[in-house]
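Shown next, in C-alpha cells, is the structure this report addresses.
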Amino acid sequence: MDGASLADGNLWLHFTRTADWRGPNPSVPVIDRGEGCYVWDTAGKRYLDGLSALFCVQVGYGRPEMPAAAAEQMAKLPFATNWATAHQPAIDLAAALADRFPADLDHFFFVNSGSEAVEAAIKLARQYHAANGEPGRYKIISRAYSYHGTTLGALGVTGLPGARAPYEPLMPGHFHGPNTNQYRCQSSPNCAPCDLSCAMALERIVLAEGPDKISAIFLEPVQNAGGCFTPPPGYLQQVRSICDRYGILLVSDEVICAFGRLGTWTGAERYDVVPDIITFAKGVTSAYAPLAGMGFSRRIGDALSTGPATMFNHGATWGGHPVSCAVALANLDVFEKEDVLGNVQRNEHWLGDQLRELQARHEIVGDVRGTGYFWALELVADRERKVLFTEQQSEDLLRGFLSARLLELGLICRADDRDEPVIQISPPLVADRSVLGELVSILDQVLGEATARMHGTPGAPAPARPTESGPTAPEGGGAL
Ligand SMILES: Cc1ncc(COP(=O)(O)O)c(C=O)c1O
C-alpha cells in the first residue's frame with residue numbers, strides 16, 4: 001500500500017511501547033536490507049547490528065547459500081509434515097545435529113520458535129516421568145529474571161516479574177531460584193571464593209517442594225536477561241548432580257547459547273555438562289527461516305517409545321518445515337566451511353579486553369561480563385559501591401538517552417533494565433576485529449556521553465528524542 005507507515009498503526013510491534021511506533025515521527029527504524037554485519041533502514045541509514053537481530057543472524061546478512069537452499073527445496077517440495085510422514089531435510093538435519101550435540105542427545109523434535117521449544121520440553125519432561133510411573137512430577141524450577149518465552153507454559157518458566165504480571169495466574173508449579181549474578185552475589189561477592197550457594201539454593205527449593213514432585217530444572221548456560229550471567233566454575237556440574245540425586249531432568253535452554261554464540265555448538269559443550277534436553281531456535285538457521293526444536297537423550301527417547309507410552313503426544317503442523325530444515329543444513333555448512341566457531345574463539349578474549357577497557361575509561365560501567373560473542377555492560381550510579389540508579393535515573397538513561405543515541409550513531413544493541421541496567425552486545429559470529437572495533441568505538445562515545453549526562457556535566461549532548469526507546473529498549477520486565 002503506497003504511503004503506509006508505522007504511524008498508521010496497522011502493524012503492532014512486539015514488546016514495544018506504542019508511543020514509540022505510532023504518531024507522526026515513529027522512532028522505530030524500518031529495516032530494509034542487510035549485508036554482512038550491517039543493516040540499512042528505509043531512509044538509507046546504515047546500522048552495525050550489534051545484537052544479530054536478537055541473537056539470531058549468526059553468519060550475517062546477504063548470504064547466497066541459504067536463499068539457494070530454500071529456493072531448491074521450495075521447488076522440489078514446499079511442505080510435508082513430520083507427523084505420520086517424514087521428509088529428507090528433517091531427517092538429515094536431525095542427523096547433523098546429533099553429531100554436534102553432546103553425549104547421547106541424539107533425538108530431535110522440531111518446532112517453530114523458542115517458546116514452542118520450551119513448551120515442548122515442559123511436556124516431554126512430564127510425559128517422560130509419567131512413562132516411568134511418576135505422574136506426580138510436574139513442578140519446574142528455573143531462575144530469577146530468566147526469560148524462556150511467552151506462551152503460557154514457557155511464561156511460567158520465565159522469571160521476569162514484569163513479563164508474567166499481566167497474565168497471572170499462570171500455570172501452577174513454577175518456582176524460581178537465584179541466578180548466577182556474580183557481580184551482585186549475596187553469598188560471596190564476585191564468587192571469591194565461590195561456595196556455589198546459588199546452586200545449593202536450587203536444591204533447597206527441590207527439598208521444600210518435594211523431590212518426587214519436581215519434573216525439571218530449566219536454565220540457560222549463560223543467562224541473557226539481567227545481562228549475560230555466566231555460571232561460576234562447577235555450577236552447572238553441581239546442578240547436574242542435584243538433578244541426578246533426585247531424578248529430575250536438566251533442561252538447558254539454549255535458544256540463544258547454541259550455534260556458536262558461546263564459541264561452541266552448544267553452551268553445554270562450552271561448560272562441559274550433559275543436560276537431558278537442550279532447547280534451541282534462533283541461530284540454527286541464522287534466522288534465514290524460522291526453526292526451533294529440542295534435542296533429548298536416549299533414555300527419554302526409550303521411555304517414550306517402549307512400554308506403555310509409545311509416542312510423544314505433541315505436535316505442530318509447521319514443526320520442522322522442509323524449507324527451514326534445508327536452510328538450517330545450509331547454515332551448518334557455512335559454519336563448517338568458514339570456521340565460524342573458530343572466529344568466535346579467536347576473537348572473544350580480544351572483545352572482552354576491549355570492553356574491559358571501556359569499563360576502565362567510563363565510571364558508569366560497573367561490570368563487564370560474558371563469553372563468546374555474548375556480552376553485557378552493567379551501568380551503575382557509583383562504581384566503588386555498586387550503587388544502582390534510581391528507577392527514574394534508569395528510565396532517563398536507558399530510554400531517555402542510550403537507546404536513541406546508539407541508534408543515532410548507527411549501532412543496534414540493547415539497553416535493557418529487566419534487572420539492573422545493562423547494555424547487551426551480541427554481534428554476528430562472523431564479525432572480525434574491524435567490525436568489533438567499530439562497535440566498541442561507538443560504545444566508547446556513547447558511554448562517555450552517558451557518564452557526563454548522569455554526572456551532570458554541562459554541555460552533555462541531549463538525545464535525539466528524549467522520550468523514545470527504539471526497538472532495542474523494551475520495557476523493564478519486557479522482551480527476550
Ligand atoms: C533463552 C530463551 N528461551 C526462549 C526464548 C523464546 O524464543 P522465541 O522468541 O523464539 O519464542 C528466548 C527468546 O529470546 C530465549 O532467549
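In the C-alpha cells, chains take letters A, B, ... by order of appearance, with residues numbered from 1 within each chain and ligands from 1 in the order shown.
Taking only C-alpha atoms and all ligand atoms into account, every polymer residue with at least one atom at most 7 Å away from ligand 1 is listed here: Leu54, Ser113, Gly114, Ser115, Glu116, Val118, Tyr147, His148, Gly149, Thr150, Glu220, Asn224, Asp253, Glu254, Val255, Ile256, Ala281, Lys282 and Leu480 of chain A.
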Residues within 12 Å of Arg184 (chain A), please, as a ChimeraX atom specification. Count only C-alpha atoms; anything in the same chain fewer than 3 positions from it doesn't count. /A:178-181,187-192,198,226,229,366-367,378,380,385-388,419-420
Can you tell me, as a PyMOL selection string, what residues are no more than 10 Å from region 212-218 of chain A when counting only C-alpha atoms, ignoring any on the same chain fewer than 2 positions away? chain A and resi 118+121-130+134-143+146+148+157-158+173-176+202+205-207+209-210+220-221+239-240+242-243+246-253+275-279
Selection from above, C-alpha atoms, as a CSV table (one decimal), in the first residue's frame, can you write it?
chain,number,residue,atom,x,y,z
A,118,VAL,CA,10.4,-24.7,25.8
A,121,ALA,CA,10.4,-29.6,26.7
A,122,ILE,CA,7.9,-29.0,29.6
A,123,LYS,CA,5.6,-31.6,28.1
A,124,LEU,CA,8.4,-34.0,27.2
A,125,ALA,CA,9.7,-33.9,30.7
A,126,ARG,CA,6.3,-34.5,32.2
A,127,GLN,CA,5.5,-37.4,29.8
A,128,TYR,CA,8.9,-38.9,30.5
A,129,HIS,CA,8.2,-39.0,34.2
A,130,ALA,CA,4.7,-40.4,33.7
A,134,GLU,CA,5.9,-40.9,38.3
A,135,PRO,CA,3.0,-38.8,37.0
A,136,GLY,CA,3.2,-36.6,40.1
A,137,ARG,CA,6.3,-34.9,38.9
A,138,TYR,CA,5.0,-31.7,37.4
A,139,LYS,CA,6.9,-28.8,39.1
A,140,ILE,CA,9.5,-26.8,37.4
A,141,ILE,CA,12.4,-24.9,38.9
A,142,SER,CA,14.1,-22.1,36.9
A,143,ARG,CA,15.8,-18.9,37.9
A,146,SER,CA,15.3,-15.6,33.3
A,148,HIS,CA,12.2,-18.6,28.5
A,157,VAL,CA,9.3,-20.9,33.5
A,158,THR,CA,10.2,-17.3,32.8
A,173,GLY,CA,4.0,-25.4,39.8
A,174,HIS,CA,6.7,-22.9,38.8
A,175,PHE,CA,9.4,-21.9,41.2
A,176,HIS,CA,12.3,-19.5,40.7
A,202,LEU,CA,18.0,-24.7,43.9
A,205,ILE,CA,13.7,-25.5,46.6
A,206,VAL,CA,13.7,-29.1,45.5
A,207,LEU,CA,13.5,-30.3,49.1
A,209,GLU,CA,8.6,-28.6,47.1
A,210,GLY,CA,9.1,-32.3,47.4
A,220,GLU,CA,20.4,-21.1,30.3
A,221,PRO,CA,24.1,-21.9,30.4
A,239,VAL,CA,23.1,-28.5,39.3
A,240,ARG,CA,23.6,-31.7,37.2
A,242,ILE,CA,21.3,-32.2,42.2
A,243,CYS,CA,19.1,-33.4,39.2
A,246,TYR,CA,16.5,-36.5,42.9
A,247,GLY,CA,15.6,-38.0,39.5
A,248,ILE,CA,15.0,-34.5,38.0
A,249,LEU,CA,15.6,-33.7,34.3
A,250,LEU,CA,18.1,-30.9,33.5
A,251,VAL,CA,16.9,-28.7,30.6
A,252,SER,CA,19.5,-26.4,29.1
A,253,ASP,CA,17.5,-23.6,27.3
A,275,PRO,CA,21.8,-32.0,30.1
A,276,ASP,CA,18.8,-34.2,29.4
A,277,ILE,CA,17.2,-31.8,27.0
A,278,ILE,CA,18.6,-28.9,25.0
A,279,THR,CA,16.1,-26.4,23.5
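In this structure, CA of Glu384 (chain A) sits 28.3 Å away from CA of Leu436 (chain A).
Minimum distance to Tyr271 (chain A) across A:Gln359, A:Ser324, A:Gln354, A:Thr371 (counting only C-alpha atoms) occurs at A:Thr371.
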Which of these residues is nearest to Arg383 (chain A), using only C-alpha atoms: A:Ala70, A:Ala95, A:Ile364, A:Leu397? A:Ile364
Just list the residues in region 175-221 of chain A DSSP gives helix (DSSP H, G or I) on the backbone, as a ChimeraX atom specification. /A:189-191,197-209,211-213
Go through region 1-146 of chain A and collect every residue that DSSP, computed from the backbone, puts in strand (DSSP E or B); the answer should be as a PyMOL selection string. chain A and resi 31-36+38-41+46-49+61+107-111+139-143
If you count only C-alpha atoms, which residues fall within 9 Å of Leu443 (chain A), apart from same-chain ones fewer than 5 positions away, as a ChimeraX atom specification? /A:358,406,411,438,448
Identify, on the basis of only C-alpha atoms, every residue whose closest approach to region 257-262 of chain A does not exceed 8 Å; exclude the query and any residue fewer than 2 positions from it along the same chain; express the result as a list in words. Phe55, Gln58, Glu220, Pro221, Val222, Asp253, Glu254, Val255, Thr264, Trp265, Thr266, Gly267, Arg270, Phe280, Gly283, Val284, Val340, Leu341, Val344, Thr371, Gly372, Tyr373, Phe374, Ser426 and Leu429 of chain A
Leaving out Ala415 (chain A) and any residue of its chain fewer than 4 positions from it, which residues lie within 6 Å of it when counting only C-alpha atoms, given as a list in words? Leu398, Ser403, Val422, Ile423 and Ala473 of chain A
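Separating CA of Ala7 (chain A) from CA of Ala404 (chain A) is a distance of 18.0 Å.
In this comparison, which uses only C-alpha atoms, the residue of A:Ala131, A:Ala103, A:Ala452, A:Leu97 approaching Asp302 (chain A) most closely is A:Ala131.
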